[in-house]
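Before any comments, here is the structure.
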Amino acid sequence: MEMQHDTLWNEAVAFTRAKSPASFEQWFSGVQFDGMTDGIVSLRARDEFVREWVDQHFLPTLVDYLRSQTGWSVQVAWSVGGHLERPVAFGVPVSPVRPRALVPDSRRFSQGPATYNGSNGSNGSDMRDDTRLDAAANYARAYGVGDESHEGEEFQSPASRRPPPRMESRPEKLEKPVTPPPLEGLNPKYTFGNFVVGPSNQLAHAAAIAAAGGGGPRHNPLFLCGGTGLGKTHLVHAVAHRVREERPSSRILYVSAEKFVNEFVQSLQEGRMNEFRSRYRDRCDLLLVDDIQFLASKTQTQEEFFHAFNALHQGDKQIIVTSDKYPQQLERMEERLVSRFSWGLVADIQGPELETRVAILRKKAQMEQIELEGEVVLYLAQTIRSNVRELEGTLIRLAAKSSLLGRQIDLDFARQELAATAGPRASEAGVDDIQRVVCHHFKLRTNDLLSKDRHKSIAFARHVAMYLCKQRLKCSFPELGRAFGNRDHTTVMSAVRKVEHLRASDPEVRAHLEALERKLGTND
Ligand SMILES: Nc1ncnc2c1ncn2[C@@H]1O[C@H](COP(=O)(O)OP(=O)(O)OP(=O)(O)O)[C@@H](O)[C@H]1O
């Protein structure tokens with residue numbers, strides 16, 4: 001089995017190397033392959049800078065290759081520092097320009113090897129936070145390594161004997177920027193390499209890779225939807241990063257729907273509509289719009305967006321839209337827009353399962369250099385189930401507190417902290433609480449649930465409340481019947497069964513239940 005893994009790894013390496021051999025040699029001289037088990041690839045980087053560069057520029061290709069060959073959800077576990085006995089490649093192994101620590105000192109908790117300790121005399125302490133790209137550029141200038149993104153053209157190592165760049169119009173190699181200028185509003189950490197794939201998001205992930213030109217059928221538009229904090233924005237940024245890397249000349253527009261509205265209003269007021277239209281209809285190869293639900297009720301902006309959409313779609317320019325709802329659930333949105341959103345692929349992202357939450361926590365801890373014991377990871381993943389943003393926020397809060405108090409993040413510490421900040425535990429919530437939350441969600445009065453009213457919307461809310469009570473409380477069917485206006489226990493039983501069935505078959509019902517479960521919190 002190990003043998004097979006090694007072969008697979010070697011194939012993935014060969015595949016990735018072939019895309020840009022010189023650059024590969026340079027960067028992978030600072031990386032060691034420590035093995036692969038259960039879809040987890042263990043790598044060691046010489047330092048944090050190499051880790052981050054390789055993570056962002058090479059791993060998406062490498063991991064995609066492994067995934068395509070095995071069908072596994074491949075994860076990469078990095079360790080940083082220490083001597084590399086078996087580097088993957090043998091380029092010029094030096095990193096003369098050391099950027100400052102990637103996270104503020106207060107957030108660097110790793111007990112592992114120090115990363116930027118000025119060992120080469122280059123004290124980065126007075127460098128700005130945004131010096132990473134500068135440092136990367138210097139690194140590349142000095143050693144001829146760099147971005148993979150220059151369409152068939154490679155950065156060259158001093159030792160390389162490859163012919164000079166083919167494109168005559170390009171200025172001297174050392175003068176051109178190593179990476180295209182960053183796109184406004186993009187989070188550099190939101191890359192495919194940093195996105196953990198699991199059953200809850202694999203369709204959205206695969207569709208995003210395809211939209212970025214990474215193979216597989218491309219759907220236009222791609223409509224990504226799901227509850228808050230589940231990774232929609234992350235995926236959209238990842239597409240932009242990937243396209244930026246691989247096709248630097250592509251004109252990418254990333255906006256939140258809110259920004260689109262503001263730009264539109266401002267252009268209208270200032271008589272610059274031609275410019276606005278040209279920007280969104282003619283000078284754009286990839287349009288990414290976050291939180292489209294924000295266009296609700298804004299009829300004039302919707303009209304403008306409709307025309308931009310048509311122009312781009314006709315020109316086969318990729319459009320990706322995110323939303324917290326399915327297209328059909330978007331309220332106060334023109335029908336013709338809603339129908340267009342479903343022309344391509346609607347890919348939803350569900351709340352991550354336990355295994356994915358564990359993998360996300362590991363990834364985030366690794367990125368932020370936070371040391372976490374396995375039992376703490378599991379405890380956090382079991383306790384925080386609502387969304388990834390909350391998971392991530394809790395991790396950062398724990399790390400900050402642990403740093404302030406000088407205490408290790410062990411299970412006791414995590415338990416105390418979560419208990420101190422959690423609201424009332426769901427297990428303490430009673431039938432009344434659940435009824436109240438359900439009524440609030442469906443905009444009903446509590447009395448409605450207890451009444452004999454059989455109006456469809458009230459009956460549905462009542463069934464949902466019964467289902468949630470049954471799931472979360474240790475109540476018998478007869479007890480629940482009494483709590484819901486003295487109903488027969490068989491009525492409750494059939495309501496619970498009905499909702500169970502709808503949950504599995506109807507995405508809209510599932511979305512309601514997930515929203516309610518988020519509001520009610522965990523019942524662990
Ligand atoms: N599968 C994942 N792997 C790694 N990180 C993730 C994953 N899903 C979400 N995250 C992280 O969770 C945080 C929230 O994600 P993001 O902002 O993309 O959510 P969203 O779905 O756009 O939410 P909203 O609708 O509220 O804007 C980000 O820091 C993101 O990196």
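Quick note on naming: the chains in the structure tokens go A, B, ... in the order shown, residues restart at 1 in each chain, and ligands are numbered from 1 in order of appearance.
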Which residues of chain A sit at most 10 Å from ligand 1, using only C-alpha atoms and all ligand atoms? Give each one's shortest atom pair and distance in Å (one decimal place), in chain and ascending residue order, as CSV.
```
residue,atom,partner,partner_atom_place_in_ligand_line,distance
A:Asn187,CA,ligand 1,31 (O),9.0
A:Lys189,CA,ligand 1,31 (O),7.3
A:Tyr190,CA,ligand 1,31 (O),5.7
A:Thr191,CA,ligand 1,31 (O),8.5
A:Phe192,CA,ligand 1,3 (N),8.6
A:Gly193,CA,ligand 1,4 (C),8.9
A:Asn194,CA,ligand 1,4 (C),5.7
A:Phe195,CA,ligand 1,3 (N),3.7
A:Val196,CA,ligand 1,3 (N),3.8
A:Val197,CA,ligand 1,1 (N),5.5
A:Gly198,CA,ligand 1,1 (N),7.2
A:Pro199,CA,ligand 1,1 (N),10.0
A:Ser200,CA,ligand 1,1 (N),8.5
A:Asn201,CA,ligand 1,1 (N),6.8
A:Gln202,CA,ligand 1,1 (N),8.9
A:His205,CA,ligand 1,1 (N),8.7
A:Leu224,CA,ligand 1,21 (O),8.8
A:Cys225,CA,ligand 1,21 (O),7.7
A:Gly226,CA,ligand 1,21 (O),6.4
A:Gly227,CA,ligand 1,25 (O),5.9
A:Thr228,CA,ligand 1,26 (O),3.6
A:Gly229,CA,ligand 1,19 (O),3.4
A:Leu230,CA,ligand 1,21 (O),3.9
A:Gly231,CA,ligand 1,18 (O),3.1
A:Lys232,CA,ligand 1,21 (O),3.8
A:Thr233,CA,ligand 1,18 (O),3.5
A:His234,CA,ligand 1,18 (O),3.7
A:Leu235,CA,ligand 1,18 (O),6.5
A:Val236,CA,ligand 1,18 (O),7.9
A:His237,CA,ligand 1,18 (O),8.4
A:Ala238,CA,ligand 1,18 (O),9.8
A:Ser256,CA,ligand 1,27 (O),9.6
A:Asp290,CA,ligand 1,27 (O),7.5
A:Asp291,CA,ligand 1,25 (O),6.7
A:Gln293,CA,ligand 1,25 (O),10.0
A:Thr322,CA,ligand 1,22 (O),7.6
A:Ser323,CA,ligand 1,25 (O),6.8
A:Asp324,CA,ligand 1,25 (O),5.6
A:Lys325,CA,ligand 1,25 (O),9.4
A:Ile349,CA,ligand 1,21 (O),8.0
A:Gln350,CA,ligand 1,21 (O),9.7
A:Gly351,CA,ligand 1,8 (N),8.8
A:Pro352,CA,ligand 1,1 (N),7.5
A:Thr356,CA,ligand 1,1 (N),7.3
A:Arg357,CA,ligand 1,1 (N),8.1
A:Ala359,CA,ligand 1,3 (N),8.0
A:Ile360,CA,ligand 1,4 (C),5.2
A:Leu361,CA,ligand 1,4 (C),8.1
A:Arg362,CA,ligand 1,4 (C),9.6
A:Lys363,CA,ligand 1,4 (C),7.1
A:Lys364,CA,ligand 1,4 (C),7.2
A:Asn387,CA,ligand 1,12 (O),7.4
A:Val388,CA,ligand 1,12 (O),4.4
A:Arg389,CA,ligand 1,13 (C),4.1
A:Glu390,CA,ligand 1,12 (O),7.7
A:Leu391,CA,ligand 1,12 (O),7.8
A:Glu392,CA,ligand 1,12 (O),6.5
A:Gly393,CA,ligand 1,29 (O),8.6
```
Shell of 6 Å around region 455-468 of chain A, only C-alpha atoms, local chain residues under 6 positions omitted, as a PyMOL selection string:
chain A and resi 435+449+495-496
Selected residue of minimal separation from Val346 (chain A) among A:Val358, A:Met36, A:Leu312, A:Val321, counting only C-alpha atoms
A:Val321
Sorted by chain and rising residue number, which residues of region 231-275 of chain A lie within 10 Å of region 54-68 of chain A, and what are their closest atom pairs and distances in Å to one decimal, counting only C-alpha atoms, as a tab-separated table?
```
residue	atom	partner	partner_atom	distance
A:Ala238	CA	A:Gln56	CA	9.9
A:His241	CA	A:Gln56	CA	9.1
A:Arg242	CA	A:His57	CA	8.7
A:Glu245	CA	A:His57	CA	7.9
A:Glu246	CA	A:His57	CA	9.8
```
Please list as a PyMOL selection string every residue within 12 Å of Arg397 (chain A), counting only C-alpha atoms and excluding residues in the same chain fewer than 6 positions away.
chain A and resi 106-107+365+368+370+390-391+403-404+409+413-414+417-418+421
Go ahead and dump the residues you just picked, C-alpha atoms, as a short mmCIF file (atom, residue, chain, number, x, y, z; two decimals), in the first residue's frame.
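Result saved to again07.cif:
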```
data_model
loop_
_atom_site.label_atom_id
_atom_site.label_comp_id
_atom_site.auth_asym_id
_atom_site.auth_seq_id
_atom_site.Cartn_x
_atom_site.Cartn_y
_atom_site.Cartn_z
CA SER A 106 0.39 37.10 19.70
CA ARG A 107 -1.10 34.59 17.29
CA ALA A 365 -4.55 25.69 13.29
CA GLU A 368 -2.18 30.17 12.17
CA ILE A 370 -1.64 27.15 16.71
CA GLU A 390 -17.69 30.21 14.19
CA LEU A 391 -15.30 27.28 14.36
CA SER A 403 -1.28 33.27 24.73
CA LEU A 404 -2.43 35.96 27.14
CA ILE A 409 -4.82 24.78 24.95
CA PHE A 413 -9.04 24.93 28.95
CA ALA A 414 -11.16 24.52 25.81
CA GLU A 417 -13.68 28.74 27.51
CA LEU A 418 -16.55 27.35 25.55
CA THR A 421 -18.92 32.06 26.16
#
```
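When CA of Glu304 (chain A) is paired with CA of Ile209 (chain A), their separation reads 28.1 Å.
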Please provide the set of residues having any atom within 9 Å of Leu286 (chain A), restricted to only C-alpha atoms, with same-chain residues fewer than 2 positions apart removed, written as a list of chain:residue names.
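The residues that qualify are A:Ala240, A:Val243, A:Ser250, A:Arg251, A:Ile252, A:Leu253, A:Tyr254, A:Cys284, A:Leu288, A:Leu312, A:Lys317, A:Gln318, A:Ile319, A:Ile320.
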Would you mind writing down, as number ranges by chain, each residue of region 443-495 of chain A that DSSP on the backbone assigns to alpha helix (DSSP H)?
A: 446-450, 456-472, 477-483, 489-495
May I ask for the distance between CA of Asn310 (chain A) and CA of Arg247 (chain A), given in Å to one decimal place?
23.5 Å
Could you pull the residues within 9 Å of Gly82 (chain A), counting only C-alpha atoms, minus those fewer than 4 positions along the same chain, as a ChimeraX atom specification?
/A:44-47,113
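Atom pair CA of Trp72 (chain A) / CA of Gly39 (chain A): separated by 6.1 Å.
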Env of Gln32 (chain A): 6 Å cut, atoms = only C-alpha atoms, seq-sep filter 3 positions within chain, self excluded. Answer as a list in words.
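Within the cut-off, the hits are Leu43, Arg44, Arg86, Pro87 and Val88 of chain A.
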Next, the residues of the selection above should be written as a tab-separated table (two decimals), in the first residue's frame with C-alpha atoms.
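Result file follows (part_2.tsv):
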```
chain	number	residue	atom	x	y	z
A	43	LEU	CA	4.98	17.43	3.88
A	44	ARG	CA	7.73	19.33	5.64
A	86	ARG	CA	15.24	14.02	1.40
A	87	PRO	CA	14.09	17.18	-0.36
A	88	VAL	CA	11.73	16.57	-3.23
```
Residue with smallest distance to Phe90 (chain A) - pool A:Gln69, A:Gln369, A:Thr394, A:Ser29, counting only C-alpha atoms:
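Smallest distance to Phe90 (chain A) is found for A:Ser29.
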Per-residue DSSP, region 304-516 of chain A, filtered to strand (DSSP E), as a PDB file with C-alpha atoms, in the first residue's frame:
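Saved the output as states38.pdb:
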```pdb
ATOM      1  CA  GLN A 318     -17.699  32.966 -16.674  1.00  0.00           C
ATOM      2  CA  ILE A 319     -20.055  34.341 -14.040  1.00  0.00           C
ATOM      3  CA  ILE A 320     -20.099  33.109 -10.449  1.00  0.00           C
ATOM      4  CA  VAL A 321     -22.674  34.290  -7.981  1.00  0.00           C
ATOM      5  CA  THR A 322     -23.027  33.462  -4.307  1.00  0.00           C
ATOM      6  CA  SER A 323     -26.161  33.642  -2.261  1.00  0.00           C
ATOM      7  CA  LEU A 345     -25.245  24.928 -12.063  1.00  0.00           C
ATOM      8  CA  VAL A 346     -26.704  25.637  -8.652  1.00  0.00           C
ATOM      9  CA  ALA A 347     -24.298  24.090  -6.159  1.00  0.00           C
ATOM     10  CA  ASP A 348     -25.183  24.263  -2.512  1.00  0.00           C
ATOM     11  CA  ILE A 349     -22.859  24.014   0.457  1.00  0.00           C
TER      12      ILE A 349
END
```
